[in-house]
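A short worksheet on the structure shown next.
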Amino acid sequence: MPKVKTKSSAKKRFALTGTGKIKRKHAFKSHILTKKATKRKRNLTKTGLVHESDEGRVRDMLRI
């Protein structure tokens with residue numbers, strides 16, 4: 001039986017924290033930024049955590 005490969009797209013998008021949670025980036029920060037408020041853009045820059053309801057699917061993609 002061959003090894004199961006990690007999804008390469010998930011590998012680029014997610015990272016593990018030291019406590020085992022999964023970090024992610026926010027969407028809506030790539031273009032059409034002039035109409036978005038400075039505070040909103042600043043908060044979109046920060047990383048977030050994957051919600052616990054989605055965490056299982058992401059772990060399957062990362063093969064954790």
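Identifiers for the structure tokens are assigned positionally: chains receive A, B, ... in sequence, residues are indexed from 1 per chain, and ligands are indexed from 1 in the order shown.
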
How would you write, as a ChimeraX atom specification, the set of residues in chain A that DSSP gives as alpha helix (DSSP H)? /A:8-13,38-45,52-62

Next, write the just-selected residues to a file, as a tab-separated table (two decimals), in the first residue's frame, keeping N, CA and C atoms as the atom set.
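Saved file result08.tsv follows:
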chain	number	residue	atom	x	y	z
A	8	SER	N	-1.50	19.23	-1.84
A	8	SER	CA	-0.51	20.30	-1.95
A	8	SER	C	-1.14	21.68	-1.78
A	9	SER	N	-2.41	21.84	-2.16
A	9	SER	CA	-3.07	23.13	-1.97
A	9	SER	C	-3.28	23.42	-0.49
A	10	ALA	N	-3.64	22.40	0.28
A	10	ALA	CA	-3.84	22.57	1.72
A	10	ALA	C	-2.52	22.84	2.43
A	11	LYS	N	-1.46	22.22	1.94
A	11	LYS	CA	-0.13	22.40	2.53
A	11	LYS	C	0.30	23.87	2.44
A	12	LYS	N	-0.11	24.54	1.34
A	12	LYS	CA	0.25	25.94	1.14
A	12	LYS	C	-0.62	26.89	1.97
A	13	ARG	N	-1.84	26.48	2.27
A	13	ARG	CA	-2.80	27.38	2.90
A	13	ARG	C	-2.87	27.31	4.42
A	38	THR	N	-9.54	51.00	6.44
A	38	THR	CA	-8.18	50.68	6.90
A	38	THR	C	-8.21	49.66	8.03
A	39	LYS	N	-9.14	49.83	8.95
A	39	LYS	CA	-9.25	48.90	10.07
A	39	LYS	C	-9.59	47.49	9.59
A	40	ARG	N	-10.49	47.41	8.61
A	40	ARG	CA	-10.88	46.11	8.06
A	40	ARG	C	-9.70	45.42	7.37
A	41	LYS	N	-8.94	46.19	6.59
A	41	LYS	CA	-7.78	45.62	5.90
A	41	LYS	C	-6.72	45.16	6.90
A	42	ARG	N	-6.54	45.94	7.96
A	42	ARG	CA	-5.55	45.59	8.98
A	42	ARG	C	-5.95	44.30	9.68
A	43	ASN	N	-7.22	44.14	9.97
A	43	ASN	CA	-7.68	42.92	10.64
A	43	ASN	C	-7.65	41.71	9.72
A	44	LEU	N	-7.79	41.93	8.41
A	44	LEU	CA	-7.69	40.82	7.47
A	44	LEU	C	-6.26	40.32	7.31
A	45	THR	N	-5.29	41.16	7.66
A	45	THR	CA	-3.88	40.77	7.56
A	45	THR	C	-3.52	39.71	8.60
A	52	GLU	N	-13.60	24.75	14.59
A	52	GLU	CA	-13.55	23.34	15.01
A	52	GLU	C	-14.45	22.45	14.14
A	53	SER	N	-15.51	23.01	13.56
A	53	SER	CA	-16.36	22.19	12.69
A	53	SER	C	-15.67	21.86	11.36
A	54	ASP	N	-14.72	22.70	10.92
A	54	ASP	CA	-13.99	22.46	9.68
A	54	ASP	C	-12.64	21.79	9.91
A	55	GLU	N	-12.23	21.71	11.14
A	55	GLU	CA	-10.89	21.23	11.46
A	55	GLU	C	-10.66	19.79	11.00
A	56	GLY	N	-11.67	18.95	11.11
A	56	GLY	CA	-11.54	17.55	10.71
A	56	GLY	C	-11.24	17.41	9.23
A	57	ARG	N	-11.96	18.20	8.40
A	57	ARG	CA	-11.73	18.15	6.96
A	57	ARG	C	-10.34	18.63	6.59
A	58	VAL	N	-9.87	19.68	7.28
A	58	VAL	CA	-8.54	20.21	6.98
A	58	VAL	C	-7.47	19.20	7.42
A	59	ARG	N	-7.68	18.55	8.55
A	59	ARG	CA	-6.73	17.53	9.00
A	59	ARG	C	-6.67	16.36	8.02
A	60	ASP	N	-7.80	16.01	7.42
A	60	ASP	CA	-7.80	14.95	6.40
A	60	ASP	C	-6.99	15.37	5.18
A	61	MET	N	-7.13	16.64	4.79
A	61	MET	CA	-6.37	17.12	3.63
A	61	MET	C	-4.88	17.17	3.92
A	62	LEU	N	-4.53	17.52	5.18
A	62	LEU	CA	-3.12	17.59	5.56
A	62	LEU	C	-2.57	16.24	5.99

Write out as a PyMOL selection string all residues of chain A that DSSP puts in strand (DSSP E or B) for this structure's backbone. chain A and resi 15-16+22-24+48-49
